[in-house]
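Shown below: run-v4.cif, with mmCIF, C-alpha atoms.
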data_target
loop_
_atom_site.label_atom_id
_atom_site.label_comp_id
_atom_site.auth_asym_id
_atom_site.auth_seq_id
_atom_site.Cartn_x
_atom_site.Cartn_y
_atom_site.Cartn_z
CA MET U 252 14.25 4.08 20.82
CA SER U 253 14.52 1.50 18.04
CA ARG U 254 14.09 2.72 14.48
CA PRO U 255 10.98 1.59 12.56
CA LEU U 256 10.71 -0.57 9.49
CA LEU U 257 9.29 1.58 6.69
CA VAL U 258 6.94 -0.35 4.39
CA ILE U 259 5.65 1.30 1.22
CA ASP U 260 2.81 0.42 -1.15
CA GLY U 261 4.78 1.01 -4.35
CA ASP U 262 1.87 1.01 -6.79
CA SER U 263 -0.27 3.29 -4.64
CA LEU U 264 2.46 5.93 -4.28
CA ALA U 265 3.65 5.59 -7.90
CA HIS U 266 0.12 6.32 -9.13
CA ARG U 267 -0.08 9.41 -6.92
CA ALA U 268 3.35 10.61 -8.08
CA TYR U 269 2.43 10.07 -11.74
CA HIS U 270 -0.72 12.17 -11.45
CA ALA U 271 0.85 14.83 -9.17
CA LEU U 272 3.87 15.71 -11.34
CA PRO U 273 3.86 17.18 -14.86
CA LYS U 274 4.21 14.70 -17.70
CA SER U 275 6.81 17.06 -19.20
CA ILE U 276 9.39 15.44 -16.86
CA ARG U 277 11.23 13.09 -19.21
CA ARG U 278 14.22 10.81 -18.96
CA ALA U 279 16.71 9.98 -21.72
CA GLU U 280 15.37 9.71 -25.30
CA GLY U 281 12.17 11.49 -24.28
CA ARG U 282 10.86 8.54 -22.28
CA PRO U 283 8.46 9.33 -19.38
CA GLY U 284 10.03 10.12 -16.00
CA ASN U 285 7.50 11.91 -13.79
CA ALA U 286 6.46 8.87 -11.70
CA LEU U 287 10.12 7.91 -11.21
CA VAL U 288 11.08 11.39 -10.02
CA GLY U 289 7.99 11.86 -7.85
CA PHE U 290 8.35 8.44 -6.24
CA ALA U 291 12.09 8.95 -5.62
CA ASN U 292 11.50 12.34 -4.01
CA PHE U 293 8.76 10.87 -1.83
CA LEU U 294 11.06 8.02 -0.77
CA LEU U 295 13.86 10.46 0.07
CA ARG U 296 11.55 12.65 2.12
CA LEU U 297 10.21 9.64 4.03
CA TRP U 298 13.74 8.40 4.72
CA GLU U 299 14.85 11.81 5.99
CA ASN U 300 11.76 12.37 8.14
CA GLU U 301 11.34 8.89 9.64
CA GLN U 302 14.95 7.57 9.79
CA PRO U 303 13.86 3.93 9.37
CA ARG U 304 16.17 0.98 10.00
CA ALA U 305 15.18 -0.47 6.62
CA VAL U 306 12.76 0.10 3.75
CA LEU U 307 10.59 -2.46 1.92
CA VAL U 308 8.54 -1.47 -1.13
CA GLY U 309 5.77 -3.88 -2.17
CA TRP U 310 4.53 -4.08 -5.78
CA ASP U 311 1.55 -5.56 -7.61
CA THR U 312 2.12 -8.04 -10.41
CA LEU U 313 -0.26 -6.63 -12.99
CA ASP U 314 -0.06 -9.40 -15.61
CA VAL U 315 -0.94 -12.34 -13.29
CA PRO U 316 -4.33 -12.63 -11.55
CA THR U 317 -4.41 -12.94 -7.76
CA TYR U 318 -6.71 -15.24 -5.78
CA ARG U 319 -8.94 -12.18 -5.40
CA HIS U 320 -9.46 -11.96 -9.17
CA GLU U 321 -10.14 -15.71 -9.25
CA LEU U 322 -12.70 -15.45 -6.43
CA PHE U 323 -14.58 -12.52 -7.93
CA ALA U 324 -14.50 -11.80 -11.66
CA GLY U 325 -15.42 -8.13 -11.19
CA TYR U 326 -12.54 -7.43 -8.77
CA GLN U 327 -10.86 -4.12 -9.72
CA GLY U 328 -12.92 -4.20 -12.92
CA GLY U 329 -12.50 -1.37 -15.38
CA ARG U 330 -9.05 -0.26 -14.19
CA GLU U 331 -6.92 1.02 -17.02
CA PHE U 332 -3.45 2.53 -16.69
CA ASP U 333 -1.67 4.93 -19.03
CA ALA U 334 1.10 3.26 -21.03
CA GLU U 335 3.57 5.84 -19.70
CA LEU U 336 2.71 4.89 -16.11
CA LEU U 337 3.04 1.16 -16.85
CA GLU U 338 6.47 1.76 -18.39
CA GLN U 339 7.64 3.49 -15.21
CA LEU U 340 6.06 0.88 -12.92
CA ASP U 341 8.32 -1.70 -14.58
CA LEU U 342 11.40 0.41 -13.76
CA LEU U 343 10.56 1.46 -10.21
CA PRO U 344 11.67 -1.78 -8.44
CA GLN U 345 15.11 -1.26 -10.04
CA LEU U 346 15.19 2.27 -8.66
CA VAL U 347 14.30 1.00 -5.17
CA GLY U 348 17.15 -1.54 -5.41
CA ALA U 349 19.60 1.18 -6.53
CA PHE U 350 18.74 3.10 -3.35
CA GLY U 351 19.84 0.06 -1.32
CA PHE U 352 16.29 -0.77 -0.25
CA ALA U 353 14.28 -4.00 -0.57
CA ALA U 354 11.52 -4.63 -3.11
CA ALA U 355 8.89 -7.38 -2.95
CA LYS U 356 6.93 -8.58 -5.97
CA ALA U 357 5.57 -12.06 -6.70
CA PRO U 358 2.86 -13.55 -8.94
CA GLY U 359 -0.49 -13.87 -7.22
CA TYR U 360 0.16 -11.23 -4.55
CA GLU U 361 -0.69 -7.55 -4.34
CA ALA U 362 1.45 -4.82 -2.82
CA ASP U 363 -0.93 -4.77 0.20
CA ASP U 364 -0.07 -8.38 1.01
CA PHE U 365 3.63 -7.56 1.33
CA LEU U 366 2.72 -4.72 3.68
CA ALA U 367 0.86 -7.20 5.91
CA ALA U 368 3.71 -9.73 5.80
CA ALA U 369 6.32 -7.08 6.65
CA VAL U 370 4.26 -5.64 9.52
CA THR U 371 3.72 -9.13 10.95
CA TYR U 372 7.44 -9.86 10.66
CA GLU U 373 8.46 -6.59 12.35
CA GLU U 374 5.93 -6.81 15.17
CA GLU U 375 6.92 -10.42 15.91
CA ARG U 376 10.56 -9.37 16.27
CA GLY U 377 9.50 -6.66 18.72
CA GLY U 378 9.93 -3.72 16.36
CA THR U 379 7.67 -0.97 15.07
CA ALA U 380 6.51 -0.31 11.52
CA LEU U 381 5.36 2.60 9.39
CA VAL U 382 3.16 1.77 6.38
CA ALA U 383 2.93 4.38 3.60
CA THR U 384 -0.14 3.82 1.41
CA SER U 385 -3.27 5.57 0.19
CA ASP U 386 -5.19 2.25 0.28
CA ARG U 387 -7.50 2.19 3.29
CA ASP U 388 -7.52 -1.62 3.30
CA ALA U 389 -4.23 -1.18 5.17
CA PHE U 390 -6.06 0.35 8.15
CA GLN U 391 -6.45 -3.25 9.34
CA LEU U 392 -2.68 -3.20 10.05
CA ALA U 393 -2.85 -0.27 12.51
CA SER U 394 -1.76 -1.24 16.03
CA GLU U 395 0.20 0.04 19.00
CA ARG U 396 3.34 -0.87 17.02
CA THR U 397 2.24 0.04 13.48
CA THR U 398 1.18 3.43 12.12
CA ILE U 399 -0.27 4.04 8.65
CA LEU U 400 1.11 7.05 6.75
CA GLN U 401 -1.69 8.12 4.42
CA PRO U 402 -1.01 10.75 1.73
CA THR U 403 -3.58 13.54 1.91
CA ARG U 404 -2.32 15.93 -0.80
CA GLY U 405 -0.47 14.42 -3.75
CA VAL U 406 2.55 12.80 -2.11
CA SER U 407 3.60 15.86 -0.11
CA GLU U 408 1.47 15.62 3.06
CA LEU U 409 0.83 12.57 5.23
CA ALA U 410 -1.76 11.78 7.91
CA ARG U 411 -0.67 9.40 10.67
CA VAL U 412 -3.32 6.73 11.28
CA GLY U 413 -3.24 4.48 14.35
CA PRO U 414 -5.99 2.48 16.06
CA ALA U 415 -7.63 5.63 17.49
CA GLU U 416 -7.85 7.24 14.03
CA VAL U 417 -9.35 4.06 12.54
CA ARG U 418 -12.00 4.08 15.27
CA GLU U 419 -12.64 7.77 14.67
CA ARG U 420 -12.96 7.42 10.88
CA TYR U 421 -14.84 4.12 10.60
CA GLY U 422 -16.27 3.46 14.05
CA VAL U 423 -14.60 0.02 14.14
CA GLU U 424 -11.37 -1.53 15.45
CA PRO U 425 -8.51 -2.17 12.99
CA SER U 426 -9.14 -5.93 13.30
CA GLN U 427 -12.72 -5.33 12.09
CA VAL U 428 -11.72 -3.46 8.93
CA PRO U 429 -12.02 -6.53 6.60
CA ASP U 430 -15.52 -7.22 8.01
CA PHE U 431 -16.39 -3.52 7.59
CA ILE U 432 -15.19 -3.50 3.95
CA ALA U 433 -17.14 -6.71 3.22
CA LEU U 434 -20.35 -5.13 4.54
CA ARG U 435 -19.90 -1.60 3.22
CA GLY U 436 -18.27 -2.58 -0.07
CA ASP U 437 -15.22 -1.00 -1.69
CA PRO U 438 -15.87 1.12 -4.80
CA SER U 439 -12.16 1.28 -5.72
CA ASP U 440 -11.95 -2.53 -5.91
CA LYS U 441 -15.53 -2.89 -7.27
CA LEU U 442 -16.67 -4.92 -4.26
CA PRO U 443 -20.46 -4.38 -3.92
CA GLY U 444 -20.81 -5.18 -0.18
CA ALA U 445 -24.12 -5.99 1.52
CA ARG U 446 -27.21 -4.65 -0.21
CA GLY U 447 -28.42 -1.40 1.30
CA VAL U 448 -25.53 -1.12 3.79
CA GLY U 449 -23.41 2.02 4.01
CA PRO U 450 -20.52 2.90 6.35
CA LYS U 451 -22.66 3.84 9.37
CA THR U 452 -24.83 0.69 9.20
CA ALA U 453 -21.74 -1.50 8.68
CA ALA U 454 -20.13 -0.01 11.81
CA ASP U 455 -23.38 -0.42 13.79
CA ILE U 456 -23.63 -4.10 12.79
CA LEU U 457 -20.03 -4.73 13.91
CA ARG U 458 -20.58 -2.92 17.21
CA GLN U 459 -23.56 -5.21 17.81
CA HIS U 460 -22.07 -8.50 16.57
CA GLU U 461 -18.27 -7.81 16.63
CA THR U 462 -17.64 -9.88 13.48
CA LEU U 463 -19.29 -10.46 10.11
CA GLU U 464 -19.40 -14.18 10.87
CA ALA U 465 -21.32 -13.58 14.11
CA ALA U 466 -23.80 -11.36 12.24
CA LEU U 467 -24.31 -14.09 9.63
CA GLU U 468 -24.78 -16.73 12.35
CA ALA U 469 -27.43 -14.46 13.90
CA GLY U 470 -29.36 -14.66 10.64
CA ARG U 471 -28.36 -11.34 9.09
CA PHE U 472 -27.88 -11.24 5.28
CA ALA U 473 -28.82 -14.91 4.82
CA ALA U 474 -29.23 -14.50 1.05
CA GLN U 475 -25.77 -12.96 0.72
CA ALA U 476 -23.84 -14.93 3.35
CA GLU U 477 -21.39 -16.69 1.03
CA GLU U 478 -20.81 -13.54 -1.04
CA LEU U 479 -20.00 -11.55 2.11
CA ARG U 480 -17.62 -14.23 3.38
CA MET U 481 -15.85 -14.04 0.01
CA TYR U 482 -15.64 -10.24 0.18
CA ARG U 483 -14.16 -10.48 3.65
CA ARG U 484 -11.52 -12.92 2.45
CA MET U 485 -10.68 -10.55 -0.41
CA ALA U 486 -10.40 -7.57 1.94
CA THR U 487 -8.08 -9.44 4.31
CA LEU U 488 -4.41 -8.84 3.55
CA ASP U 489 -2.33 -12.00 3.12
CA ALA U 490 0.51 -11.92 5.66
CA SER U 491 2.01 -15.10 4.16
CA ALA U 492 3.34 -13.15 1.13
CA PRO U 493 7.05 -13.94 0.54
CA LEU U 494 9.51 -11.33 1.82
CA PRO U 495 13.15 -10.60 1.01
CA PRO U 496 15.60 -10.32 3.93
CA LEU U 497 14.88 -7.24 6.06
CA GLU U 498 18.14 -6.60 7.91
CA ASP U 499 19.13 -3.01 8.70
CA GLN U 500 20.05 -1.12 5.52
CA MET U 501 22.48 1.63 4.56
CA PRO U 502 21.22 3.75 1.65
CA GLN U 503 23.42 3.68 -1.45
CA TRP U 504 23.09 7.35 -2.41
CA ALA U 505 26.19 7.51 -4.64
CA GLY U 506 25.22 4.40 -6.58
CA ALA U 507 21.63 5.60 -6.86
CA SER U 508 22.86 8.95 -8.22
CA THR U 509 24.89 7.21 -10.94
CA PHE U 510 21.93 4.93 -11.71
CA VAL U 511 19.38 7.72 -12.24
CA ARG U 512 21.90 9.80 -14.18
CA SER U 513 22.05 6.91 -16.69
CA TRP U 514 18.33 7.56 -17.22
CA GLY U 515 18.99 11.24 -17.85
CA LEU U 516 17.27 12.34 -14.63
CA ASN U 517 20.02 14.79 -13.77
CA ALA U 518 18.24 16.94 -11.17
CA LEU U 519 17.38 13.84 -9.15
CA ALA U 520 20.95 12.55 -9.59
CA GLU U 521 22.30 15.81 -8.12
CA ARG U 522 19.99 15.55 -5.13
CA LEU U 523 21.17 12.00 -4.45
CA ALA U 524 24.83 12.91 -4.93
CA ALA U 525 24.46 15.63 -2.29
CA LEU U 526 23.43 12.97 0.25
CA ALA U 527 26.36 10.65 -0.51
#

Rewritten as structure tokens:
Amino acid sequence: MSRPLLVIDGDSLAHRAYHALPKSIRRAEGRPGNALVGFANFLLRLWENEQPRAVLVGWDTLDVPTYRHELFAGYQGGREFDAELLEQLDLLPQLVGAFGFAAAKAPGYEADDFLAAAVTYEEERGGTALVATSDRDAFQLASERTTILQPTRGVSELARVGPAEVRERYGVEPSQVPDFIALRGDPSDKLPGARGVGPKTAADILRQHETLEAALEAGRFAAQAEELRMYRRMATLDASAPLPPLEDQMPQWAGASTFVRSWGLNALAERLAALA
């Protein structure tokens, strides 16, 4: 059986690691290190459990707006990140590279978009993919070839989400997830959705009409039609995001150990050295 491509939402898992591990974990000169250690341990555990052929970690570019921000001024409104988390987010792509894995980050794209691009690439070459993220927007990527790995407790336990689980949770097909989000709204991204529509009604509408566009053409939500089309576009992951090469990889455990030791993260360095 061919080994899967492992695709990771870097920001999503870094946030979880930062909040799951004590802030007393420091690197050299007392700088923060808990997100780095938590993310590295998560990455190691995923590698050991899933034995992927290669790993790609996608990252947000926080200082450049995406087309989603330009479409809707309130998108992700009110999000504020601790300075210590931001400092570690800047370092994490370097850590991924030290492991011998690929990182993707580009102005105007979110981590989710790289997940979509990587899944499309892998499925088109006949492979399978695993997508690690806590962002349910990624449920639209679930297929017979792609499984979502969703953290359920910190970053230590994962639920496996395929098409059947998407149907069970939302009552819609993976391909309908952007329409479902547009109708129901998304509190985490501050998308309001259709007025008076919750998850059950959104699923009922899509069972009846199959798509948001068909519901609009049938005269539903006439006053909100253009808004809802915009929300759907925002909820749809952009599979045209630029990817680095994704050939099979060999982890660079020895080099990664030396790299993290230079940060003063000695326990993590020892764990990596033991794998070399």

Nearest candidate to Pro255 of chain U (options U:Arg458, U:Arg522, U:Lys356, U:Arg396; using all atoms listed in the file): U:Arg396

Exercise: Gln503 of chain U partners within 7 Å, only C-alpha atoms, chain neighbours under 2 positions left out, as a ChimeraX atom specification: /U:349-351,501,505-507

Rank nothing, just name the residue among U:Arg387, U:Ala380, U:Pro429, U:Ala268 nearest to Asp489 of chain U, using all atoms listed in the file.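 Going through U:Arg387, U:Ala380, U:Pro429, U:Ala268 one by one, the smallest distance to Asp489 of chain U is for U:Pro429.
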
Could you jot down the atom CA of Ala492 of chain U to atom CA of Leu479 of chain U separation for me, Å, one decimal place?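 Those two atoms sit 23.4 Å apart.
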
Under the PyMOL selection byres ((chain U and resi 369) around 12), which residues of this model are included? Write them out as number ranges by chain. U: 255-260, 305-309, 353-355, 362-368, 370-376, 378-382, 392, 397, 488-498

Please produce a file of those selected residues containing C-alpha atoms, as a JSON list (two decimals), in the frame of the given file.
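Output contents, as saved in result-v9.json:
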[["chain", "number", "residue", "atom", "x", "y", "z"],
["U", 255, "PRO", "CA", 10.98, 1.59, 12.56],
["U", 256, "LEU", "CA", 10.71, -0.57, 9.49],
["U", 257, "LEU", "CA", 9.29, 1.58, 6.69],
["U", 258, "VAL", "CA", 6.94, -0.35, 4.39],
["U", 259, "ILE", "CA", 5.65, 1.30, 1.22],
["U", 260, "ASP", "CA", 2.81, 0.42, -1.15],
["U", 305, "ALA", "CA", 15.18, -0.47, 6.62],
["U", 306, "VAL", "CA", 12.76, 0.10, 3.75],
["U", 307, "LEU", "CA", 10.59, -2.46, 1.92],
["U", 308, "VAL", "CA", 8.54, -1.47, -1.13],
["U", 309, "GLY", "CA", 5.77, -3.88, -2.17],
["U", 353, "ALA", "CA", 14.28, -4.00, -0.57],
["U", 354, "ALA", "CA", 11.52, -4.63, -3.11],
["U", 355, "ALA", "CA", 8.89, -7.38, -2.95],
["U", 362, "ALA", "CA", 1.45, -4.82, -2.82],
["U", 363, "ASP", "CA", -0.93, -4.77, 0.20],
["U", 364, "ASP", "CA", -0.07, -8.38, 1.01],
["U", 365, "PHE", "CA", 3.63, -7.56, 1.33],
["U", 366, "LEU", "CA", 2.72, -4.72, 3.68],
["U", 367, "ALA", "CA", 0.86, -7.20, 5.91],
["U", 368, "ALA", "CA", 3.71, -9.73, 5.80],
["U", 370, "VAL", "CA", 4.26, -5.64, 9.52],
["U", 371, "THR", "CA", 3.72, -9.13, 10.95],
["U", 372, "TYR", "CA", 7.44, -9.86, 10.66],
["U", 373, "GLU", "CA", 8.46, -6.59, 12.35],
["U", 374, "GLU", "CA", 5.93, -6.81, 15.17],
["U", 375, "GLU", "CA", 6.92, -10.42, 15.91],
["U", 376, "ARG", "CA", 10.56, -9.37, 16.27],
["U", 378, "GLY", "CA", 9.93, -3.72, 16.36],
["U", 379, "THR", "CA", 7.67, -0.97, 15.07],
["U", 380, "ALA", "CA", 6.51, -0.31, 11.52],
["U", 381, "LEU", "CA", 5.36, 2.60, 9.39],
["U", 382, "VAL", "CA", 3.16, 1.77, 6.38],
["U", 392, "LEU", "CA", -2.68, -3.20, 10.05],
["U", 397, "THR", "CA", 2.24, 0.04, 13.48],
["U", 488, "LEU", "CA", -4.41, -8.84, 3.55],
["U", 489, "ASP", "CA", -2.33, -12.00, 3.12],
["U", 490, "ALA", "CA", 0.51, -11.92, 5.66],
["U", 491, "SER", "CA", 2.01, -15.10, 4.16],
["U", 492, "ALA", "CA", 3.34, -13.15, 1.13],
["U", 493, "PRO", "CA", 7.05, -13.94, 0.54],
["U", 494, "LEU", "CA", 9.51, -11.33, 1.82],
["U", 495, "PRO", "CA", 13.15, -10.60, 1.01],
["U", 496, "PRO", "CA", 15.60, -10.32, 3.93],
["U", 497, "LEU", "CA", 14.88, -7.24, 6.06],
["U", 498, "GLU", "CA", 18.14, -6.60, 7.91]]

So how far away is atom CA of Glu338 of chain U from atom CA of Glu361 of chain U, in Å?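 Separating atom CA of Glu361 of chain U from atom CA of Glu338 of chain U is a distance of 18.3 Å.
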
Pick out the closest residue to Ala291 of chain U from this set: U:Gly470, U:Arg484, U:Leu343, U:Glu424. Count all atoms listed in the file.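 Of the candidates, the smallest distance to Ala291 of chain U is held by U:Leu343.
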
Could you please give me, as a ChimeraX atom specification, the residues of protein, DNA or RNA lying at most 6 Å from (10.0, 5.0, -10.4) in the coordinate frame of the file, considering all atoms listed in the file? /U:286-287,290,339,342-343

Write a file of the just-selected residues containing C-alpha atoms, as a JSON list (two decimals), in the frame of the given file.
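Contents of the output file again-v3.json:
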[["chain", "number", "residue", "atom", "x", "y", "z"],
["U", 286, "ALA", "CA", 6.46, 8.87, -11.70],
["U", 287, "LEU", "CA", 10.12, 7.91, -11.21],
["U", 290, "PHE", "CA", 8.35, 8.44, -6.24],
["U", 339, "GLN", "CA", 7.64, 3.49, -15.21],
["U", 342, "LEU", "CA", 11.40, 0.41, -13.76],
["U", 343, "LEU", "CA", 10.56, 1.46, -10.21]]

Taking the file as shown, find all residues satisfying the PyMOL selection byres ((chain U and resi 341) around 12) and write them as a PyMOL selection string. chain U and resi 261-262+265+286-287+310-314+334-340+342-347+356

Using the selection just defined, write its residues with C-alpha atoms as a CSV table (one decimal), keeping the file's coordinate frame.
chain,number,residue,atom,x,y,z
U,261,GLY,CA,4.8,1.0,-4.4
U,262,ASP,CA,1.9,1.0,-6.8
U,265,ALA,CA,3.6,5.6,-7.9
U,286,ALA,CA,6.5,8.9,-11.7
U,287,LEU,CA,10.1,7.9,-11.2
U,310,TRP,CA,4.5,-4.1,-5.8
U,311,ASP,CA,1.6,-5.6,-7.6
U,312,THR,CA,2.1,-8.0,-10.4
U,313,LEU,CA,-0.3,-6.6,-13.0
U,314,ASP,CA,-0.1,-9.4,-15.6
U,334,ALA,CA,1.1,3.3,-21.0
U,335,GLU,CA,3.6,5.8,-19.7
U,336,LEU,CA,2.7,4.9,-16.1
U,337,LEU,CA,3.0,1.2,-16.8
U,338,GLU,CA,6.5,1.8,-18.4
U,339,GLN,CA,7.6,3.5,-15.2
U,340,LEU,CA,6.1,0.9,-12.9
U,342,LEU,CA,11.4,0.4,-13.8
U,343,LEU,CA,10.6,1.5,-10.2
U,344,PRO,CA,11.7,-1.8,-8.4
U,345,GLN,CA,15.1,-1.3,-10.0
U,346,LEU,CA,15.2,2.3,-8.7
U,347,VAL,CA,14.3,1.0,-5.2
U,356,LYS,CA,6.9,-8.6,-6.0
